[in-house]
Amino acid sequence: MARRRPGTLFPIEVDILESGLALQASEGSFYGFALAKHLSSRDGSALTSHGTLYKALSRMAESGILDASWEEPASAESEGRPRRRLYTVTAEGSRALVKAQVETHRTEASAPRIAQAGVTFA
Amino acid sequence: MSVLTSTFYHHAVSRVSRWCSWYTREVDIEVAATRRDELASDLYEHAIWADESGTTPRAAAREILSRALRGAPADLTWRHAQRRKVALADPTRFRRLRIEEAVSSLVLVAASAVLGWGLFVLTRIVLSTIGEQIRPGSATAITIASFTALAACGLVLLLQRRTRVGGALIMVLPSFGLVHFGLYQLYSLSTTVGALTFTMPGWELASNSLIVGLGMFFTAAAIWWWPERRTTPADTSTRLKTIGEMAR
């Protein structure tokens, strides 16, 4: 199992935060399957597996990156469906995402320089 | 036909739910319930979405099973992490579970060995009968076949938590029968057993010790697993009443 350096995010967590924020902006919160659909539509891949998705969501909720709560039973009953577990990205989650995005840009920016240096040495 | 009412979807949901029940067992009750409810919601939303996007029930069911299969390694690592949390919260219970698992494994290995021995002797009997070395349907052969069948029953009972006490007790009988009559039968069929019987002075003592050892082992396992007497609510109220009277 991959180990996380403190203060860093796994790629799936970055994707969840990006999609989560997009869904949160339009719906106010998001739930597991809506997130799986959004992630799939972003890159045209298959729907995220149950295990990967819900393991990541529970880990992120535990670490305070996401806030999780069960939907009111009345609204689920009125629509005749099971209750959804609703998530919102916390302020801490937004900060962690910005930090991860900055680091990704920095790595991408430094990569061509390393490649050029490699050409020079060769 | 909608996905939600299709047989394909129901079969897929049933399989995924069974898998979920398996990997959430012995995990914190609340955490397990959250995972099960969240998955139930996901499966429902998946069916609705499949209907809206015009996916056939068969394709939707295949996609659900594929998601479950691809996520199985993550489910197992999640289970491991959750069990670790439970263990850290209650180390005594965790130690007891580890001992319990070790005992179960040992008993299953011993029972499989007894059954394996029975099948080996039976195979030798069948081969010798085909080779016309012994006459078919001898009393010893029938006894060994019966004890082998009994050992198979015992092993099946040992696999279930509810029936394992009975399984352990049943295994005492084939332990005696298969070792005693098996060696007796092999004495005439196997050159090795025949030679060992004559050359090894402690042969009989060793075989008798094996019989007694196996018998004691399976009896001890049955005692270890014997269900504890549960305190009924009536017992508790009587005890509370007595304590109340003593206080007065």
# chains A, B, ... in the order shown; residues from 1 in each chain; ligands from 1

call {"tool": "residues_around", "arguments": {"residues": "Pro82 (chain A)", "least_positions_apart": "6", "cutoff": "9 Å", "atoms": "only C-alpha atoms", "output": "PDB file with N, CA and C atoms, in the first residue's frame"}}
result
ATOM      1  N   PRO A  73     -33.476  11.906   6.292  1.00  0.00           N
ATOM      2  CA  PRO A  73     -34.259  10.760   5.799  1.00  0.00           C
ATOM      3  C   PRO A  73     -35.500  11.195   5.004  1.00  0.00           C
ATOM      4  N   ALA A  76     -34.900  11.795   1.261  1.00  0.00           N
ATOM      5  CA  ALA A  76     -34.645  10.532   0.539  1.00  0.00           C
ATOM      6  C   ALA A  76     -35.946   9.754   0.383  1.00  0.00           C
TER       7      ALA A  76
ATOM      8  N   ASP B  37     -24.435   1.236   3.877  1.00  0.00           N
ATOM      9  CA  ASP B  37     -25.485   2.170   3.444  1.00  0.00           C
ATOM     10  C   ASP B  37     -25.014   3.010   2.262  1.00  0.00           C
ATOM     11  N   GLU B  38     -23.753   3.405   2.309  1.00  0.00           N
ATOM     12  CA  GLU B  38     -23.214   4.237   1.234  1.00  0.00           C
ATOM     13  C   GLU B  38     -23.157   3.446  -0.077  1.00  0.00           C
ATOM     14  N   ALA B  40     -25.129   0.870  -0.773  1.00  0.00           N
ATOM     15  CA  ALA B  40     -26.518   0.649  -1.204  1.00  0.00           C
ATOM     16  C   ALA B  40     -27.014   1.851  -1.991  1.00  0.00           C
ATOM     17  N   SER B  41     -26.675   3.059  -1.515  1.00  0.00           N
ATOM     18  CA  SER B  41     -27.059   4.284  -2.216  1.00  0.00           C
ATOM     19  C   SER B  41     -26.386   4.340  -3.585  1.00  0.00           C
ATOM     20  N   ASP B  42     -25.111   4.004  -3.629  1.00  0.00           N
ATOM     21  CA  ASP B  42     -24.350   4.022  -4.896  1.00  0.00           C
ATOM     22  C   ASP B  42     -24.973   3.078  -5.923  1.00  0.00           C
ATOM     23  N   TYR B  44     -28.015   1.998  -6.108  1.00  0.00           N
ATOM     24  CA  TYR B  44     -29.311   2.519  -6.549  1.00  0.00           C
ATOM     25  C   TYR B  44     -29.100   3.642  -7.570  1.00  0.00           C
ATOM     26  N   GLU B  45     -28.223   4.596  -7.229  1.00  0.00           N
ATOM     27  CA  GLU B  45     -27.960   5.736  -8.125  1.00  0.00           C
ATOM     28  C   GLU B  45     -27.410   5.237  -9.463  1.00  0.00           C
TER      29      GLU B  45
END

call {"tool": "residues_around", "arguments": {"residues": "region 53-56 of chain A", "least_positions_apart": "2", "cutoff": "9 Å", "atoms": "only C-alpha atoms", "output": "PyMOL selection string"}}
result
(chain A and resi 12-13+16+32+35-36+48-51+58-61) or (chain B and resi 35+38-39+71+74-75+77-78)

call {"tool": "write_last_selection", "arguments": {"atoms": "N, CA and C atoms", "output": "PDB file, in the first residue's frame"}}
result
ATOM      1  N   ILE A  12      -5.668  10.407  -6.444  1.00  0.00           N
ATOM      2  CA  ILE A  12      -7.131  10.232  -6.387  1.00  0.00           C
ATOM      3  C   ILE A  12      -7.767  11.301  -5.500  1.00  0.00           C
ATOM      4  N   GLU A  13      -7.038  11.699  -4.449  1.00  0.00           N
ATOM      5  CA  GLU A  13      -7.575  12.726  -3.542  1.00  0.00           C
ATOM      6  C   GLU A  13      -7.617  14.094  -4.228  1.00  0.00           C
ATOM      7  N   ILE A  16     -10.577  13.954  -6.502  1.00  0.00           N
ATOM      8  CA  ILE A  16     -11.829  14.049  -5.725  1.00  0.00           C
ATOM      9  C   ILE A  16     -12.076  15.491  -5.297  1.00  0.00           C
ATOM     10  N   GLY A  32     -21.217  10.014  -3.263  1.00  0.00           N
ATOM     11  CA  GLY A  32     -20.311   9.059  -3.904  1.00  0.00           C
ATOM     12  C   GLY A  32     -20.525   8.844  -5.389  1.00  0.00           C
ATOM     13  N   LEU A  35     -19.911  11.815  -7.656  1.00  0.00           N
ATOM     14  CA  LEU A  35     -18.465  12.026  -7.780  1.00  0.00           C
ATOM     15  C   LEU A  35     -17.858  11.053  -8.794  1.00  0.00           C
ATOM     16  N   ALA A  36     -18.271   9.793  -8.717  1.00  0.00           N
ATOM     17  CA  ALA A  36     -17.763   8.777  -9.653  1.00  0.00           C
ATOM     18  C   ALA A  36     -18.102   9.159 -11.087  1.00  0.00           C
ATOM     19  N   THR A  48     -15.174   5.050 -11.238  1.00  0.00           N
ATOM     20  CA  THR A  48     -14.233   4.650 -10.178  1.00  0.00           C
ATOM     21  C   THR A  48     -14.813   3.468  -9.399  1.00  0.00           C
ATOM     22  N   SER A  49     -13.961   2.524  -9.065  1.00  0.00           N
ATOM     23  CA  SER A  49     -14.449   1.329  -8.348  1.00  0.00           C
ATOM     24  C   SER A  49     -14.970   1.707  -6.962  1.00  0.00           C
ATOM     25  N   HIS A  50     -15.888   0.875  -6.462  1.00  0.00           N
ATOM     26  CA  HIS A  50     -16.480   1.153  -5.141  1.00  0.00           C
ATOM     27  C   HIS A  50     -15.397   1.258  -4.070  1.00  0.00           C
ATOM     28  N   GLY A  51     -14.524   0.260  -4.043  1.00  0.00           N
ATOM     29  CA  GLY A  51     -13.509   0.188  -2.992  1.00  0.00           C
ATOM     30  C   GLY A  51     -12.606   1.408  -2.973  1.00  0.00           C
ATOM     31  N   SER A  58     -13.666   8.015   2.894  1.00  0.00           N
ATOM     32  CA  SER A  58     -13.665   7.872   4.361  1.00  0.00           C
ATOM     33  C   SER A  58     -12.344   8.376   4.944  1.00  0.00           C
ATOM     34  N   ARG A  59     -11.234   8.121   4.222  1.00  0.00           N
ATOM     35  CA  ARG A  59      -9.923   8.588   4.703  1.00  0.00           C
ATOM     36  C   ARG A  59      -9.880  10.117   4.705  1.00  0.00           C
ATOM     37  N   MET A  60     -10.437  10.732   3.657  1.00  0.00           N
ATOM     38  CA  MET A  60     -10.412  12.195   3.556  1.00  0.00           C
ATOM     39  C   MET A  60     -11.319  12.834   4.605  1.00  0.00           C
ATOM     40  N   ALA A  61     -12.451  12.169   4.883  1.00  0.00           N
ATOM     41  CA  ALA A  61     -13.357  12.695   5.920  1.00  0.00           C
ATOM     42  C   ALA A  61     -12.695  12.602   7.293  1.00  0.00           C
TER      43      ALA A  61
ATOM     44  N   ARG B  35     -20.462   2.085   5.565  1.00  0.00           N
ATOM     45  CA  ARG B  35     -19.990   1.588   4.269  1.00  0.00           C
ATOM     46  C   ARG B  35     -21.121   0.872   3.525  1.00  0.00           C
ATOM     47  N   GLU B  38     -23.753   3.405   2.309  1.00  0.00           N
ATOM     48  CA  GLU B  38     -23.214   4.237   1.234  1.00  0.00           C
ATOM     49  C   GLU B  38     -23.157   3.446  -0.077  1.00  0.00           C
ATOM     50  N   LEU B  39     -22.815   2.173   0.047  1.00  0.00           N
ATOM     51  CA  LEU B  39     -22.750   1.309  -1.136  1.00  0.00           C
ATOM     52  C   LEU B  39     -24.157   1.052  -1.688  1.00  0.00           C
ATOM     53  N   GLY B  71     -12.371  -2.763  -7.192  1.00  0.00           N
ATOM     54  CA  GLY B  71     -12.187  -2.143  -5.880  1.00  0.00           C
ATOM     55  C   GLY B  71     -11.876  -3.136  -4.770  1.00  0.00           C
ATOM     56  N   ALA B  74      -8.732  -2.531  -2.677  1.00  0.00           N
ATOM     57  CA  ALA B  74      -8.910  -1.365  -1.789  1.00  0.00           C
ATOM     58  C   ALA B  74      -9.829  -1.726  -0.621  1.00  0.00           C
ATOM     59  N   ASP B  75     -10.862  -2.547  -0.895  1.00  0.00           N
ATOM     60  CA  ASP B  75     -11.763  -2.983   0.187  1.00  0.00           C
ATOM     61  C   ASP B  75     -10.987  -3.769   1.241  1.00  0.00           C
ATOM     62  N   THR B  77      -7.689  -3.658   1.905  1.00  0.00           N
ATOM     63  CA  THR B  77      -6.759  -2.814   2.683  1.00  0.00           C
ATOM     64  C   THR B  77      -7.540  -1.938   3.664  1.00  0.00           C
ATOM     65  N   TRP B  78      -8.738  -1.503   3.236  1.00  0.00           N
ATOM     66  CA  TRP B  78      -9.608  -0.719   4.137  1.00  0.00           C
ATOM     67  C   TRP B  78      -9.991  -1.578   5.346  1.00  0.00           C
TER      68      TRP B  78
END

call {"tool": "closest_atom_pairs", "arguments": {"of": "chain B", "to": "chain A", "cutoff": "12 Å", "atoms": "only C-alpha atoms", "output": "JSON lines"}}
result
{"residue": "B:Leu4", "atom": "CA", "partner": "A:Arg81", "partner_atom": "CA", "distance": 11.4}
{"residue": "B:Val16", "atom": "CA", "partner": "A:His50", "partner_atom": "CA", "distance": 9.8}
{"residue": "B:Ser17", "atom": "CA", "partner": "A:His50", "partner_atom": "CA", "distance": 11.7}
{"residue": "B:Trp19", "atom": "CA", "partner": "A:Gly51", "partner_atom": "CA", "distance": 11.1}
{"residue": "B:Cys20", "atom": "CA", "partner": "A:Gly51", "partner_atom": "CA", "distance": 9.7}
{"residue": "B:Tyr23", "atom": "CA", "partner": "A:Gly51", "partner_atom": "CA", "distance": 10.7}
{"residue": "B:Thr24", "atom": "CA", "partner": "A:Gly51", "partner_atom": "CA", "distance": 11.8}
{"residue": "B:Val31", "atom": "CA", "partner": "A:Ser58", "partner_atom": "CA", "distance": 9.4}
{"residue": "B:Ala32", "atom": "CA", "partner": "A:Ser58", "partner_atom": "CA", "distance": 11.5}
{"residue": "B:Thr34", "atom": "CA", "partner": "A:Arg85", "partner_atom": "CA", "distance": 8.6}
{"residue": "B:Arg35", "atom": "CA", "partner": "A:Tyr54", "partner_atom": "CA", "distance": 7.6}
{"residue": "B:Arg36", "atom": "CA", "partner": "A:Tyr54", "partner_atom": "CA", "distance": 10.5}
{"residue": "B:Asp37", "atom": "CA", "partner": "A:Arg83", "partner_atom": "CA", "distance": 7.7}
{"residue": "B:Glu38", "atom": "CA", "partner": "A:Arg85", "partner_atom": "CA", "distance": 6.4}
{"residue": "B:Leu39", "atom": "CA", "partner": "A:His50", "partner_atom": "CA", "distance": 7.4}
{"residue": "B:Ala40", "atom": "CA", "partner": "A:Pro82", "partner_atom": "CA", "distance": 7.0}
{"residue": "B:Ser41", "atom": "CA", "partner": "A:Pro82", "partner_atom": "CA", "distance": 5.2}
{"residue": "B:Asp42", "atom": "CA", "partner": "A:Phe33", "partner_atom": "CA", "distance": 5.3}
{"residue": "B:Leu43", "atom": "CA", "partner": "A:Phe33", "partner_atom": "CA", "distance": 8.3}
{"residue": "B:Tyr44", "atom": "CA", "partner": "A:Arg81", "partner_atom": "CA", "distance": 7.3}
{"residue": "B:Glu45", "atom": "CA", "partner": "A:Phe33", "partner_atom": "CA", "distance": 6.5}
{"residue": "B:His46", "atom": "CA", "partner": "A:Phe33", "partner_atom": "CA", "distance": 7.0}
{"residue": "B:Ala47", "atom": "CA", "partner": "A:Phe33", "partner_atom": "CA", "distance": 10.6}
{"residue": "B:Ile48", "atom": "CA", "partner": "A:Arg81", "partner_atom": "CA", "distance": 10.0}
{"residue": "B:Trp49", "atom": "CA", "partner": "A:Lys37", "partner_atom": "CA", "distance": 9.2}
{"residue": "B:Ala50", "atom": "CA", "partner": "A:Lys37", "partner_atom": "CA", "distance": 11.1}
{"residue": "B:Ser53", "atom": "CA", "partner": "A:Lys37", "partner_atom": "CA", "distance": 11.8}
{"residue": "B:Ala60", "atom": "CA", "partner": "A:Leu47", "partner_atom": "CA", "distance": 11.4}
{"residue": "B:Glu63", "atom": "CA", "partner": "A:Leu47", "partner_atom": "CA", "distance": 8.3}
{"residue": "B:Ile64", "atom": "CA", "partner": "A:Ser49", "partner_atom": "CA", "distance": 8.6}
{"residue": "B:Leu65", "atom": "CA", "partner": "A:Ser49", "partner_atom": "CA", "distance": 9.4}
{"residue": "B:Ser66", "atom": "CA", "partner": "A:Ser49", "partner_atom": "CA", "distance": 7.6}
{"residue": "B:Arg67", "atom": "CA", "partner": "A:Ser49", "partner_atom": "CA", "distance": 4.1}
{"residue": "B:Ala68", "atom": "CA", "partner": "A:His50", "partner_atom": "CA", "distance": 5.7}
{"residue": "B:Leu69", "atom": "CA", "partner": "A:Ser49", "partner_atom": "CA", "distance": 7.7}
{"residue": "B:Arg70", "atom": "CA", "partner": "A:Ser49", "partner_atom": "CA", "distance": 5.7}
{"residue": "B:Gly71", "atom": "CA", "partner": "A:Gly51", "partner_atom": "CA", "distance": 3.9}
{"residue": "B:Ala72", "atom": "CA", "partner": "A:Gly51", "partner_atom": "CA", "distance": 6.0}
{"residue": "B:Pro73", "atom": "CA", "partner": "A:Gly51", "partner_atom": "CA", "distance": 7.5}
{"residue": "B:Ala74", "atom": "CA", "partner": "A:Gly51", "partner_atom": "CA", "distance": 5.0}
{"residue": "B:Asp75", "atom": "CA", "partner": "A:Gly51", "partner_atom": "CA", "distance": 4.8}
{"residue": "B:Leu76", "atom": "CA", "partner": "A:Gly51", "partner_atom": "CA", "distance": 8.5}
{"residue": "B:Thr77", "atom": "CA", "partner": "A:Met1", "partner_atom": "CA", "distance": 7.8}
{"residue": "B:Trp78", "atom": "CA", "partner": "A:Lys55", "partner_atom": "CA", "distance": 6.3}
{"residue": "B:Arg79", "atom": "CA", "partner": "A:Lys55", "partner_atom": "CA", "distance": 9.5}
{"residue": "B:His80", "atom": "CA", "partner": "A:Met1", "partner_atom": "CA", "distance": 11.2}
{"residue": "B:Ala81", "atom": "CA", "partner": "A:Lys55", "partner_atom": "CA", "distance": 10.3}
{"residue": "B:Gln82", "atom": "CA", "partner": "A:Lys55", "partner_atom": "CA", "distance": 10.7}

call {"tool": "select_by_dssp", "arguments": {"residues": "region 12-85 of chain A", "states": "strand (DSSP E or B)", "output": "ChimeraX atom specification"}}
result
/A:30,66-70,85

call {"tool": "residues_around", "arguments": {"residues": "region 122-136 of chain B", "least_positions_apart": "3", "cutoff": "10 Å", "atoms": "only C-alpha atoms", "output": "PyMOL selection string"}}
result
chain B and resi 116-119+139-142+144-145+148+182+185-186+188-190

call {"tool": "write_last_selection", "arguments": {"atoms": "N, CA and C atoms", "output": "CSV table (one decimal), in the first residue's frame"}}
result
chain,number,residue,atom,x,y,z
B,116,GLY,N,-7.3,-37.2,5.0
B,116,GLY,CA,-6.3,-37.5,3.9
B,116,GLY,C,-5.8,-38.9,4.1
B,117,TRP,N,-5.5,-39.3,5.4
B,117,TRP,CA,-5.0,-40.6,5.7
B,117,TRP,C,-6.1,-41.7,5.3
B,118,GLY,N,-7.3,-41.4,5.7
B,118,GLY,CA,-8.4,-42.3,5.3
B,118,GLY,C,-8.5,-42.5,3.8
B,119,LEU,N,-8.4,-41.4,3.1
B,119,LEU,CA,-8.5,-41.5,1.6
B,119,LEU,C,-7.3,-42.3,1.0
B,139,ALA,N,-14.6,-56.6,5.8
B,139,ALA,CA,-15.2,-55.9,6.9
B,139,ALA,C,-14.3,-54.7,7.3
B,140,THR,N,-12.9,-54.9,7.2
B,140,THR,CA,-12.0,-53.8,7.5
B,140,THR,C,-12.2,-52.6,6.5
B,141,ALA,N,-12.3,-53.0,5.2
B,141,ALA,CA,-12.4,-52.0,4.1
B,141,ALA,C,-13.7,-51.2,4.3
B,142,ILE,N,-14.8,-51.9,4.7
B,142,ILE,CA,-16.1,-51.2,4.9
B,142,ILE,C,-15.9,-50.2,6.2
B,144,ILE,N,-13.2,-48.8,7.3
B,144,ILE,CA,-12.4,-47.7,6.9
B,144,ILE,C,-13.2,-46.7,6.0
B,145,ALA,N,-14.0,-47.2,5.1
B,145,ALA,CA,-14.8,-46.3,4.3
B,145,ALA,C,-15.8,-45.5,5.2
B,148,THR,N,-13.9,-42.9,7.1
B,148,THR,CA,-13.5,-41.8,6.2
B,148,THR,C,-14.7,-40.9,5.9
B,182,GLY,N,-6.7,-48.5,9.7
B,182,GLY,CA,-5.9,-48.2,8.6
B,182,GLY,C,-4.5,-48.9,8.6
B,185,GLN,N,-5.0,-52.6,8.1
B,185,GLN,CA,-5.1,-52.9,6.7
B,185,GLN,C,-3.8,-52.8,5.9
B,186,LEU,N,-3.1,-51.7,6.2
B,186,LEU,CA,-1.9,-51.5,5.5
B,186,LEU,C,-0.8,-52.6,5.8
B,188,SER,N,-1.1,-55.6,5.7
B,188,SER,CA,-1.1,-56.7,4.7
B,188,SER,C,-0.9,-56.1,3.3
B,189,LEU,N,-1.1,-54.8,3.1
B,189,LEU,CA,-1.0,-54.2,1.8
B,189,LEU,C,0.3,-53.5,1.5
B,190,SER,N,0.9,-52.9,2.6
B,190,SER,CA,2.1,-52.1,2.4
B,190,SER,C,3.4,-52.8,2.9

call {"tool": "select_by_dssp", "arguments": {"residues": "region 21-99 of chain A", "states": "helix (DSSP H, G or I)", "output": "JSON, numbers by chain"}}
result
{"A": [21, 22, 23, 24, 25, 26, 27, 32, 33, 34, 35, 36, 37, 38, 39, 40, 41, 42, 43, 50, 51, 52, 53, 54, 55, 56, 57, 58, 59, 60, 61, 62, 73, 74, 75, 76, 77, 78, 79, 91, 92, 93, 94, 95, 96, 97, 98, 99]}

call {"tool": "write_last_selection", "arguments": {"atoms": "N, CA and C atoms", "output": "short mmCIF file (atom, residue, chain, number, x, y, z; two decimals), in the first residue's frame"}}
result
data_model
loop_
_atom_site.label_atom_id
_atom_site.label_comp_id
_atom_site.auth_asym_id
_atom_site.auth_seq_id
_atom_site.Cartn_x
_atom_site.Cartn_y
_atom_site.Cartn_z
N LEU A 21 -15.23 20.09 -5.59
CA LEU A 21 -15.44 21.54 -5.57
C LEU A 21 -16.35 21.98 -6.72
N ALA A 22 -16.17 21.33 -7.88
CA ALA A 22 -17.02 21.67 -9.04
C ALA A 22 -18.48 21.31 -8.75
N LEU A 23 -18.70 20.12 -8.17
CA LEU A 23 -20.07 19.69 -7.84
C LEU A 23 -20.66 20.55 -6.72
N GLN A 24 -19.81 20.85 -5.76
CA GLN A 24 -20.25 21.66 -4.61
C GLN A 24 -20.70 23.05 -5.06
N ALA A 25 -20.02 23.60 -6.08
CA ALA A 25 -20.37 24.93 -6.58
C ALA A 25 -21.78 24.95 -7.18
N SER A 26 -22.17 23.82 -7.80
CA SER A 26 -23.51 23.81 -8.43
C SER A 26 -24.58 23.21 -7.53
N GLU A 27 -24.22 22.20 -6.73
CA GLU A 27 -25.24 21.47 -5.94
C GLU A 27 -25.19 21.78 -4.44
N GLY A 32 -21.22 10.01 -3.26
CA GLY A 32 -20.31 9.06 -3.90
C GLY A 32 -20.53 8.84 -5.39
N PHE A 33 -21.76 8.48 -5.78
CA PHE A 33 -21.95 8.14 -7.19
C PHE A 33 -21.84 9.36 -8.10
N ALA A 34 -22.31 10.54 -7.61
CA ALA A 34 -22.19 11.77 -8.40
C ALA A 34 -20.72 12.07 -8.67
N LEU A 35 -19.91 11.82 -7.66
CA LEU A 35 -18.47 12.03 -7.78
C LEU A 35 -17.86 11.05 -8.79
N ALA A 36 -18.27 9.79 -8.72
CA ALA A 36 -17.76 8.78 -9.65
C ALA A 36 -18.10 9.16 -11.09
N LYS A 37 -19.34 9.66 -11.29
CA LYS A 37 -19.78 10.08 -12.64
C LYS A 37 -18.93 11.25 -13.13
N HIS A 38 -18.72 12.23 -12.23
CA HIS A 38 -17.96 13.43 -12.61
C HIS A 38 -16.52 13.08 -12.95
N LEU A 39 -15.91 12.22 -12.13
CA LEU A 39 -14.52 11.80 -12.37
C LEU A 39 -14.42 11.09 -13.71
N SER A 40 -15.42 10.27 -14.00
CA SER A 40 -15.42 9.50 -15.24
C SER A 40 -15.59 10.41 -16.45
N SER A 41 -16.46 11.43 -16.31
CA SER A 41 -16.71 12.33 -17.46
C SER A 41 -15.52 13.25 -17.72
N ARG A 42 -14.71 13.50 -16.69
CA ARG A 42 -13.54 14.40 -16.87
C ARG A 42 -12.51 13.82 -17.82
N ASP A 43 -12.21 12.53 -17.63
CA ASP A 43 -11.17 11.93 -18.47
C ASP A 43 -11.67 10.76 -19.33
N HIS A 50 -15.89 0.87 -6.46
CA HIS A 50 -16.48 1.15 -5.14
C HIS A 50 -15.40 1.26 -4.07
N GLY A 51 -14.52 0.26 -4.04
CA GLY A 51 -13.51 0.19 -2.99
C GLY A 51 -12.61 1.41 -2.97
N THR A 52 -12.09 1.78 -4.15
CA THR A 52 -11.17 2.92 -4.23
C THR A 52 -11.87 4.21 -3.82
N LEU A 53 -13.09 4.40 -4.32
CA LEU A 53 -13.82 5.65 -4.07
C LEU A 53 -14.15 5.82 -2.59
N TYR A 54 -14.79 4.78 -2.00
CA TYR A 54 -15.27 4.95 -0.63
C TYR A 54 -14.16 4.86 0.41
N LYS A 55 -13.09 4.17 0.05
CA LYS A 55 -11.93 4.14 0.94
C LYS A 55 -11.31 5.55 0.99
N ALA A 56 -11.16 6.15 -0.19
CA ALA A 56 -10.57 7.51 -0.26
C ALA A 56 -11.47 8.51 0.45
N LEU A 57 -12.79 8.41 0.23
CA LEU A 57 -13.72 9.36 0.85
C LEU A 57 -13.68 9.26 2.38
N SER A 58 -13.67 8.01 2.89
CA SER A 58 -13.67 7.87 4.36
C SER A 58 -12.34 8.38 4.94
N ARG A 59 -11.23 8.12 4.22
CA ARG A 59 -9.92 8.59 4.70
C ARG A 59 -9.88 10.12 4.71
N MET A 60 -10.44 10.73 3.66
CA MET A 60 -10.41 12.19 3.56
C MET A 60 -11.32 12.83 4.61
N ALA A 61 -12.45 12.17 4.88
CA ALA A 61 -13.36 12.70 5.92
C ALA A 61 -12.70 12.60 7.29
N GLU A 62 -11.97 11.50 7.51
CA GLU A 62 -11.29 11.31 8.79
C GLU A 62 -10.18 12.35 9.00
N PRO A 73 -33.48 11.91 6.29
CA PRO A 73 -34.26 10.76 5.80
C PRO A 73 -35.50 11.20 5.00
N ALA A 74 -36.11 12.32 5.41
CA ALA A 74 -37.36 12.76 4.76
C ALA A 74 -37.17 13.02 3.27
N SER A 75 -36.07 13.69 2.91
CA SER A 75 -35.87 14.03 1.50
C SER A 75 -35.60 12.77 0.67
N ALA A 76 -34.90 11.80 1.26
CA ALA A 76 -34.64 10.53 0.54
C ALA A 76 -35.95 9.75 0.38
N GLU A 77 -36.74 9.73 1.47
CA GLU A 77 -38.02 8.99 1.44
C GLU A 77 -38.98 9.58 0.40
N SER A 78 -39.00 10.92 0.34
CA SER A 78 -39.92 11.57 -0.61
C SER A 78 -39.56 11.20 -2.05
N GLU A 79 -38.29 10.93 -2.30
CA GLU A 79 -37.87 10.54 -3.66
C GLU A 79 -37.79 9.02 -3.83
N ALA A 91 -12.39 23.99 4.39
CA ALA A 91 -11.37 25.02 4.09
C ALA A 91 -9.98 24.37 4.05
N GLU A 92 -9.78 23.42 4.96
CA GLU A 92 -8.50 22.71 5.01
C GLU A 92 -8.27 21.93 3.70
N GLY A 93 -9.37 21.35 3.18
CA GLY A 93 -9.30 20.61 1.93
C GLY A 93 -8.95 21.51 0.77
N SER A 94 -9.56 22.70 0.73
CA SER A 94 -9.27 23.66 -0.34
C SER A 94 -7.80 24.08 -0.29
N ARG A 95 -7.30 24.32 0.92
CA ARG A 95 -5.89 24.74 1.08
C ARG A 95 -4.96 23.62 0.60
N ALA A 96 -5.30 22.36 1.00
CA ALA A 96 -4.47 21.21 0.61
C ALA A 96 -4.46 21.06 -0.91
N LEU A 97 -5.61 21.33 -1.55
CA LEU A 97 -5.68 21.21 -3.01
C LEU A 97 -4.81 22.27 -3.69
N VAL A 98 -4.91 23.50 -3.21
CA VAL A 98 -4.11 24.60 -3.79
C VAL A 98 -2.62 24.25 -3.67
N LYS A 99 -2.24 23.77 -2.49
CA LYS A 99 -0.84 23.41 -2.25
C LYS A 99 -0.40 22.31 -3.22
#

call {"tool": "atom_distance", "arguments": {"atom1": "CA of Gly28 (chain A)", "atom2": "CA of Val3 (chain B)"}}
result
28.5 Å
